[in-house]
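Have a look at upload-v1.csv; it's CSV, N, CA and C atoms and all ligand atoms:
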```csv
chain,number,residue,atom,x,y,z
O,15,MET,N,-213.9,170.7,146.3
O,15,MET,CA,-212.9,169.6,146.5
O,15,MET,C,-211.9,169.8,145.4
O,16,ASN,N,-210.6,169.5,145.8
O,16,ASN,CA,-209.5,169.7,144.8
O,16,ASN,C,-209.4,168.4,144.0
O,17,ALA,N,-208.9,168.6,142.7
O,17,ALA,CA,-208.8,167.5,141.8
O,17,ALA,C,-207.4,166.9,141.8
O,18,PRO,N,-207.3,165.6,141.7
O,18,PRO,CA,-206.0,165.0,141.6
O,18,PRO,C,-205.3,165.4,140.2
O,19,ALA,N,-204.0,165.1,140.1
O,19,ALA,CA,-203.3,165.5,138.9
O,19,ALA,C,-203.8,164.9,137.6
O,20,ASP,N,-204.4,163.7,137.7
O,20,ASP,CA,-204.8,163.1,136.5
O,20,ASP,C,-206.2,163.6,136.0
O,21,VAL,N,-206.7,164.6,136.7
O,21,VAL,CA,-208.0,165.2,136.3
O,21,VAL,C,-207.6,166.5,135.7
O,22,LEU,N,-207.9,166.7,134.4
O,22,LEU,CA,-207.5,167.9,133.7
O,22,LEU,C,-208.7,168.9,133.8
O,23,GLN,N,-208.4,170.1,134.0
O,23,GLN,CA,-209.5,171.1,134.0
O,23,GLN,C,-209.3,172.1,132.9
O,24,ASP,N,-210.4,172.6,132.4
O,24,ASP,CA,-210.4,173.7,131.4
O,24,ASP,C,-209.9,174.9,132.0
O,25,VAL,N,-208.9,175.5,131.3
O,25,VAL,CA,-208.3,176.7,131.8
O,25,VAL,C,-208.5,177.9,130.9
O,26,CYS,N,-208.3,177.8,129.6
O,26,CYS,CA,-208.5,178.9,128.7
O,26,CYS,C,-208.6,178.4,127.3
O,27,ARG,N,-208.9,179.2,126.3
O,27,ARG,CA,-208.9,178.9,124.9
O,27,ARG,C,-207.4,179.0,124.5
O,28,VAL,N,-207.0,178.1,123.5
O,28,VAL,CA,-205.6,178.1,123.1
O,28,VAL,C,-205.3,179.5,122.5
O,29,GLU,N,-206.2,180.1,121.8
O,29,GLU,CA,-205.9,181.4,121.2
O,29,GLU,C,-205.8,182.6,122.3
O,30,ASP,N,-206.1,182.3,123.5
O,30,ASP,CA,-205.8,183.3,124.6
O,30,ASP,C,-204.4,183.3,124.9
O,31,LEU,N,-203.6,182.4,124.4
O,31,LEU,CA,-202.1,182.3,124.7
O,31,LEU,C,-201.4,182.8,123.4
O,32,PRO,N,-200.7,184.0,123.5
O,32,PRO,CA,-200.0,184.4,122.3
O,32,PRO,C,-198.8,183.4,122.1
O,33,VAL,N,-198.6,183.1,120.8
O,33,VAL,CA,-197.6,182.2,120.4
O,33,VAL,C,-196.2,182.7,120.9
O,34,GLY,N,-195.5,181.8,121.5
O,34,GLY,CA,-194.1,182.2,122.0
O,34,GLY,C,-194.1,183.0,123.3
O,35,GLU,N,-195.2,183.1,124.0
O,35,GLU,CA,-195.3,183.8,125.2
O,35,GLU,C,-196.0,183.0,126.3
O,36,GLY,N,-195.9,183.5,127.5
O,36,GLY,CA,-196.5,182.8,128.6
O,36,GLY,C,-197.6,183.6,129.3
O,37,ARG,N,-198.5,183.0,130.0
O,37,ARG,CA,-199.5,183.6,130.7
O,37,ARG,C,-199.7,182.9,132.0
O,38,THR,N,-200.1,183.6,133.1
O,38,THR,CA,-200.3,182.9,134.4
O,38,THR,C,-201.8,182.7,134.6
O,39,TYR,N,-202.2,181.6,135.0
O,39,TYR,CA,-203.6,181.3,135.4
O,39,TYR,C,-203.6,180.6,136.8
O,40,VAL,N,-204.7,180.7,137.4
O,40,VAL,CA,-204.9,179.9,138.7
O,40,VAL,C,-205.7,178.7,138.4
O,41,VAL,N,-205.2,177.5,138.8
O,41,VAL,CA,-205.8,176.3,138.6
O,41,VAL,C,-205.9,175.6,139.9
O,42,ASP,N,-207.1,175.4,140.4
O,42,ASP,CA,-207.2,174.8,141.8
O,42,ASP,C,-206.5,175.5,142.8
O,43,GLY,N,-206.4,176.8,142.8
O,43,GLY,CA,-205.7,177.6,143.7
O,43,GLY,C,-204.2,177.7,143.6
O,44,GLU,N,-203.7,177.1,142.5
O,44,GLU,CA,-202.3,177.0,142.2
O,44,GLU,C,-202.0,177.9,141.0
O,45,GLN,N,-201.0,178.8,141.2
O,45,GLN,CA,-200.6,179.6,140.0
O,45,GLN,C,-199.8,178.8,139.0
O,46,VAL,N,-200.3,178.8,137.8
O,46,VAL,CA,-199.6,178.0,136.7
O,46,VAL,C,-199.3,178.9,135.6
O,47,ALA,N,-198.1,178.7,135.1
O,47,ALA,CA,-197.6,179.4,133.9
O,47,ALA,C,-197.9,178.5,132.6
O,48,LEU,N,-198.6,179.0,131.7
O,48,LEU,CA,-198.9,178.3,130.4
O,48,LEU,C,-198.1,179.0,129.3
O,49,PHE,N,-197.5,178.2,128.5
O,49,PHE,CA,-196.8,178.6,127.3
O,49,PHE,C,-197.3,178.0,126.1
O,50,ARG,N,-197.5,178.8,125.0
O,50,ARG,CA,-197.9,178.2,123.7
O,50,ARG,C,-196.7,178.3,122.8
O,51,HIS,N,-196.2,177.2,122.4
O,51,HIS,CA,-195.0,177.1,121.6
O,51,HIS,C,-195.3,177.3,120.1
O,52,ARG,N,-194.3,177.7,119.4
O,52,ARG,CA,-194.5,177.9,117.9
O,52,ARG,C,-194.9,176.6,117.2
O,53,SER,N,-194.6,175.5,117.8
O,53,SER,CA,-195.0,174.2,117.2
O,53,SER,C,-196.5,173.9,117.4
O,54,GLY,N,-197.2,174.7,118.3
O,54,GLY,CA,-198.6,174.5,118.6
O,54,GLY,C,-198.8,173.8,120.0
O,55,ARG,N,-197.7,173.2,120.5
O,55,ARG,CA,-197.8,172.6,121.8
O,55,ARG,C,-198.0,173.6,122.9
O,56,VAL,N,-198.6,173.2,124.0
O,56,VAL,CA,-198.7,174.0,125.2
O,56,VAL,C,-198.1,173.3,126.3
O,57,SER,N,-197.3,174.1,127.2
O,57,SER,CA,-196.7,173.6,128.4
O,57,SER,C,-197.3,174.3,129.6
O,58,ALA,N,-197.3,173.5,130.7
O,58,ALA,CA,-197.8,174.1,132.0
O,58,ALA,C,-196.8,173.8,133.1
O,59,VAL,N,-196.3,174.8,133.8
O,59,VAL,CA,-195.4,174.6,134.9
O,59,VAL,C,-195.8,175.6,136.0
O,60,GLN,N,-195.2,175.4,137.2
O,60,GLN,CA,-195.5,176.3,138.3
O,60,GLN,C,-195.1,177.7,137.9
O,61,ALA,N,-195.8,178.7,138.4
O,61,ALA,CA,-195.7,180.0,137.9
O,61,ALA,C,-194.5,180.8,138.5
O,62,ALA,N,-194.2,180.4,139.8
O,62,ALA,CA,-193.1,181.1,140.5
O,62,ALA,C,-191.8,180.4,140.5
O,63,CYS,N,-190.7,181.1,140.1
O,63,CYS,CA,-189.4,180.5,140.1
O,63,CYS,C,-189.0,180.0,141.6
O,64,PRO,N,-188.4,178.9,141.7
O,64,PRO,CA,-188.1,178.4,143.1
O,64,PRO,C,-186.9,179.2,143.7
O,65,HIS,N,-186.2,180.0,142.9
O,65,HIS,CA,-185.1,180.7,143.5
O,65,HIS,C,-185.6,181.9,144.3
O,66,ALA,N,-186.3,182.8,143.7
O,66,ALA,CA,-186.8,184.0,144.5
O,66,ALA,C,-188.2,184.4,144.0
O,67,GLY,N,-188.9,183.5,143.4
O,67,GLY,CA,-190.3,183.8,143.1
O,67,GLY,C,-190.5,184.5,141.7
O,68,GLY,N,-189.5,184.6,140.9
O,68,GLY,CA,-189.6,185.3,139.6
O,68,GLY,C,-190.8,184.7,138.8
O,69,PRO,N,-191.5,185.6,138.1
O,69,PRO,CA,-192.7,185.2,137.3
O,69,PRO,C,-192.3,184.5,136.0
O,70,LEU,N,-192.3,183.2,136.0
O,70,LEU,CA,-191.8,182.4,134.9
O,70,LEU,C,-192.6,182.7,133.6
O,71,ALA,N,-193.9,183.1,133.7
O,71,ALA,CA,-194.7,183.3,132.5
O,71,ALA,C,-194.1,184.6,131.7
O,72,ASP,N,-193.4,185.4,132.4
O,72,ASP,CA,-192.8,186.6,131.8
O,72,ASP,C,-191.4,186.3,131.2
O,73,GLY,N,-190.9,185.0,131.4
O,73,GLY,CA,-189.6,184.7,130.9
O,73,GLY,C,-189.6,184.4,129.4
O,74,GLN,N,-188.4,184.3,128.9
O,74,GLN,CA,-188.2,183.9,127.5
O,74,GLN,C,-188.4,182.4,127.4
O,75,VAL,N,-189.1,181.9,126.3
O,75,VAL,CA,-189.4,180.5,126.2
O,75,VAL,C,-189.1,180.1,124.8
O,76,ASP,N,-188.6,178.8,124.7
O,76,ASP,CA,-188.6,178.2,123.3
O,76,ASP,C,-189.3,176.8,123.5
O,77,GLU,N,-189.0,175.9,122.6
O,77,GLU,CA,-189.7,174.6,122.6
O,77,GLU,C,-189.4,173.8,123.9
O,78,SER,N,-188.2,174.0,124.5
O,78,SER,CA,-187.8,173.1,125.5
O,78,SER,C,-187.5,173.8,126.9
O,79,VAL,N,-187.2,175.1,126.9
O,79,VAL,CA,-186.9,175.7,128.2
O,79,VAL,C,-187.6,177.0,128.4
O,80,VAL,N,-187.7,177.4,129.6
O,80,VAL,CA,-188.2,178.8,130.0
O,80,VAL,C,-187.0,179.4,130.8
O,81,ILE,N,-186.7,180.6,130.6
O,81,ILE,CA,-185.7,181.3,131.3
O,81,ILE,C,-186.3,182.3,132.3
O,82,CYS,N,-186.0,182.2,133.6
O,82,CYS,CA,-186.6,183.1,134.6
O,82,CYS,C,-186.2,184.5,134.3
O,83,PRO,N,-187.1,185.5,134.3
O,83,PRO,CA,-186.7,186.9,133.9
O,83,PRO,C,-185.9,187.6,135.0
O,84,LEU,N,-185.9,187.0,136.2
O,84,LEU,CA,-185.1,187.8,137.3
O,84,LEU,C,-183.6,187.5,137.3
O,85,HIS,N,-183.3,186.2,137.3
O,85,HIS,CA,-181.8,185.9,137.4
O,85,HIS,C,-181.4,184.9,136.3
O,86,LEU,N,-182.3,184.7,135.4
O,86,LEU,CA,-181.9,184.0,134.1
O,86,LEU,C,-181.6,182.5,134.3
O,87,THR,N,-182.1,181.9,135.3
O,87,THR,CA,-182.0,180.4,135.4
O,87,THR,C,-183.0,179.8,134.3
O,88,ALA,N,-182.5,178.8,133.6
O,88,ALA,CA,-183.3,178.1,132.6
O,88,ALA,C,-183.8,176.8,133.2
O,89,PHE,N,-185.1,176.5,132.9
O,89,PHE,CA,-185.7,175.3,133.4
O,89,PHE,C,-186.2,174.5,132.2
O,90,ASP,N,-185.9,173.2,132.2
O,90,ASP,CA,-186.4,172.3,131.2
O,90,ASP,C,-187.9,172.1,131.4
O,91,LEU,N,-188.7,172.4,130.3
O,91,LEU,CA,-190.1,172.3,130.4
O,91,LEU,C,-190.7,170.9,130.5
O,92,ALA,N,-189.9,169.9,130.2
O,92,ALA,CA,-190.3,168.5,130.3
O,92,ALA,C,-190.0,167.9,131.6
O,93,THR,N,-188.8,168.2,132.2
O,93,THR,CA,-188.5,167.6,133.5
O,93,THR,C,-188.6,168.6,134.6
O,94,GLY,N,-188.6,169.9,134.4
O,94,GLY,CA,-188.7,170.9,135.4
O,94,GLY,C,-187.4,171.2,136.0
O,95,GLU,N,-186.3,170.5,135.6
O,95,GLU,CA,-185.0,170.7,136.2
O,95,GLU,C,-184.3,171.9,135.6
O,96,ALA,N,-183.5,172.6,136.5
O,96,ALA,CA,-182.7,173.7,136.0
O,96,ALA,C,-181.6,173.2,135.1
O,97,THR,N,-181.3,173.9,134.0
O,97,THR,CA,-180.3,173.5,133.1
O,97,THR,C,-179.1,174.4,133.1
O,98,GLY,N,-178.0,174.1,132.5
O,98,GLY,CA,-176.9,175.0,132.4
O,98,GLY,C,-176.2,175.4,133.7
O,99,GLY,N,-176.2,174.5,134.6
O,99,GLY,CA,-175.6,174.7,135.9
O,99,GLY,C,-176.5,175.4,136.9
O,100,GLY,N,-177.7,175.7,136.6
O,100,GLY,CA,-178.6,176.4,137.5
O,100,GLY,C,-179.1,175.4,138.5
O,101,GLU,N,-179.7,175.9,139.6
O,101,GLU,CA,-180.2,175.1,140.7
O,101,GLU,C,-181.8,175.2,140.8
O,102,GLY,N,-182.4,174.1,141.2
O,102,GLY,CA,-183.8,174.1,141.5
O,102,GLY,C,-184.6,173.3,140.5
O,103,THR,N,-185.8,173.0,140.8
O,103,THR,CA,-186.7,172.3,140.0
O,103,THR,C,-188.1,172.9,140.1
O,104,ILE,N,-188.8,173.0,138.9
O,104,ILE,CA,-190.1,173.5,138.9
O,104,ILE,C,-191.1,172.4,138.7
O,105,ALA,N,-192.3,172.5,139.2
O,105,ALA,CA,-193.4,171.5,138.9
O,105,ALA,C,-193.8,171.6,137.4
O,106,VAL,N,-193.9,170.4,136.8
O,106,VAL,CA,-194.4,170.4,135.4
O,106,VAL,C,-195.8,169.7,135.5
O,107,HIS,N,-196.8,170.4,135.0
O,107,HIS,CA,-198.2,169.9,135.1
O,107,HIS,C,-198.6,169.2,133.8
O,108,PRO,N,-199.4,168.2,133.9
O,108,PRO,CA,-200.0,167.6,132.7
O,108,PRO,C,-200.9,168.6,132.0
O,109,CYS,N,-200.8,168.6,130.7
O,109,CYS,CA,-201.5,169.7,129.9
O,109,CYS,C,-201.8,169.2,128.5
O,110,ARG,N,-202.9,169.5,128.0
O,110,ARG,CA,-203.2,169.2,126.6
O,110,ARG,C,-204.3,170.1,126.0
O,111,VAL,N,-204.4,170.2,124.7
O,111,VAL,CA,-205.4,171.0,124.1
O,111,VAL,C,-206.4,170.1,123.5
O,112,GLU,N,-207.7,170.3,123.8
O,112,GLU,CA,-208.8,169.5,123.3
O,112,GLU,C,-209.8,170.4,122.7
O,113,ALA,N,-210.1,170.3,121.5
O,113,ALA,CA,-211.1,171.1,120.8
O,113,ALA,C,-210.9,172.6,121.1
O,114,GLY,N,-209.6,173.0,121.1
O,114,GLY,CA,-209.2,174.4,121.2
O,114,GLY,C,-209.2,174.9,122.7
O,115,VAL,N,-209.4,174.0,123.6
O,115,VAL,CA,-209.4,174.3,125.0
O,115,VAL,C,-208.2,173.8,125.7
O,116,VAL,N,-207.4,174.6,126.4
O,116,VAL,CA,-206.3,174.2,127.1
O,116,VAL,C,-206.7,173.6,128.5
O,117,ARG,N,-206.3,172.3,128.7
O,117,ARG,CA,-206.7,171.6,129.9
O,117,ARG,C,-205.5,171.2,130.7
O,118,VAL,N,-205.5,171.5,132.0
O,118,VAL,CA,-204.3,171.4,132.9
O,118,VAL,C,-204.7,170.6,134.1
O,119,GLY,N,-203.8,169.8,134.6
O,119,GLY,CA,-204.0,169.1,135.9
O,119,GLY,C,-203.0,169.5,136.9
O,120,VAL,N,-203.4,169.8,138.1
O,120,VAL,CA,-202.5,170.3,139.2
O,120,VAL,C,-202.7,169.3,140.3
O,121,ASP,N,-201.6,168.8,140.8
O,121,ASP,CA,-201.6,167.8,141.9
O,121,ASP,C,-201.7,168.6,143.2
O,122,VAL,N,-202.8,168.7,143.9
O,122,VAL,CA,-203.0,169.4,145.1
O,122,VAL,C,-203.3,168.5,146.3
O,123,ARG,N,-203.1,167.2,146.1
O,123,ARG,CA,-203.4,166.3,147.2
O,123,ARG,C,-202.4,166.5,148.3
T,201,LIG,S1,-186.0,184.3,140.8
T,201,LIG,FE1,-185.8,183.0,139.1
T,201,LIG,S2,-183.6,182.7,138.9
T,201,LIG,FE2,-183.9,184.1,140.6
```
For the file at hand, write its structure as structure tokens.
Amino acid sequence: MNAPADVLQDVCRVEDLPVGEGRTYVVDGEQVALFRHRSGRVSAVQAACPHAGGPLADGQVDESVVICPLHLTAFDLATGEATGGGEGTIAVHPCRVEAGVVRVGVDVR
């Protein structure tokens, strides 16, 4: 049975995510890109760029945006919206770190 968005699931240990980089995981059958920021915060968004499926986990990331590696559209990690004149929106998933474990919720209803 699939979990609603407000149910977070254990995905990985926080140290499995290199600081300043992304990794792709499957959560409830959904590909999710996780980013561990230099501040220690972790973000979770859909893994495939809405433009042409670029792997967002391979993009450059800072505290607030990820840049798709294929055509360089930047997406706000809080709202999911493209910035800087780009088009499209990515799903932003609830995510938190508890006792060193990254927990993510994916809305699959
Ligand atoms: S595939 Fe991401 S901007 Fe084109």
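The closest residue to Ser57 (chain O), picked from O:Ala92, O:Ile104, O:Val25, O:Ile81 and counting all atoms listed in the file, is O:Ala92.
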Please provide the set of residues having any atom within 5 Å of region 33-35 of chain O, restricted to only N, CA and C atoms, with same-chain residues fewer than 5 positions apart removed, written as a PDB file with N, CA and C atoms, keeping the file's coordinate frame.
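Generated output (result-v8.pdb):
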```pdb
ATOM      1  N   PHE O  49    -197.500 178.200 128.500  1.00  0.00           N
ATOM      2  CA  PHE O  49    -196.800 178.600 127.300  1.00  0.00           C
ATOM      3  C   PHE O  49    -197.300 178.000 126.100  1.00  0.00           C
ATOM      4  N   ARG O  50    -197.500 178.800 125.000  1.00  0.00           N
ATOM      5  CA  ARG O  50    -197.900 178.200 123.700  1.00  0.00           C
ATOM      6  C   ARG O  50    -196.700 178.300 122.800  1.00  0.00           C
ATOM      7  N   HIS O  51    -196.200 177.200 122.400  1.00  0.00           N
ATOM      8  CA  HIS O  51    -195.000 177.100 121.600  1.00  0.00           C
ATOM      9  C   HIS O  51    -195.300 177.300 120.100  1.00  0.00           C
ATOM     10  N   ARG O  52    -194.300 177.700 119.400  1.00  0.00           N
ATOM     11  CA  ARG O  52    -194.500 177.900 117.900  1.00  0.00           C
ATOM     12  C   ARG O  52    -194.900 176.600 117.200  1.00  0.00           C
TER      13      ARG O  52
END
```
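Taking atom N of Val46 (chain O) and atom C of Ala58 (chain O) as endpoints, the distance between them is 7.7 Å.
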Return as a list in words the residues of protein, DNA or RNA that approach ligand LIG 201 (chain T) to within 10 Å, with only C-alpha atoms and all ligand atoms taken into account.
Ala62, Cys63, Pro64, His65, Ala66, Gly67, Gly68, Pro69, Leu70, Gly73, Ile81, Cys82, Pro83, Leu84, His85, Leu86, Thr87, Ala88, Phe89, Ala96, Gly100, Glu101 and Gly102 of chain O
Enumerate as a PyMOL selection string all residues of chain O assigned to strand (DSSP E or B) by DSSP on the backbone, naming them with the chain letters and numbers the document uses.
chain O and resi 23-27+33+36-41+44-50+56-60+62+69+74-75+79-81+88-90+95-97+103+106-107+109-112+115-118
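Computed from the coordinates, the CA of Ala71 (chain O) to CA of Glu112 (chain O) distance equals 21.8 Å.
The smallest atom-to-atom distance between Glu44 (chain O) and any of O:Gln60, O:Ser78, O:Val28, O:Gln23, using only N, CA and C atoms, is found for O:Gln60.
Counting only N, CA and C atoms and comparing O:Asp42, O:Asp72, O:Asp30, O:Glu95, the residue that lies closest to Gly119 (chain O) is O:Asp42.
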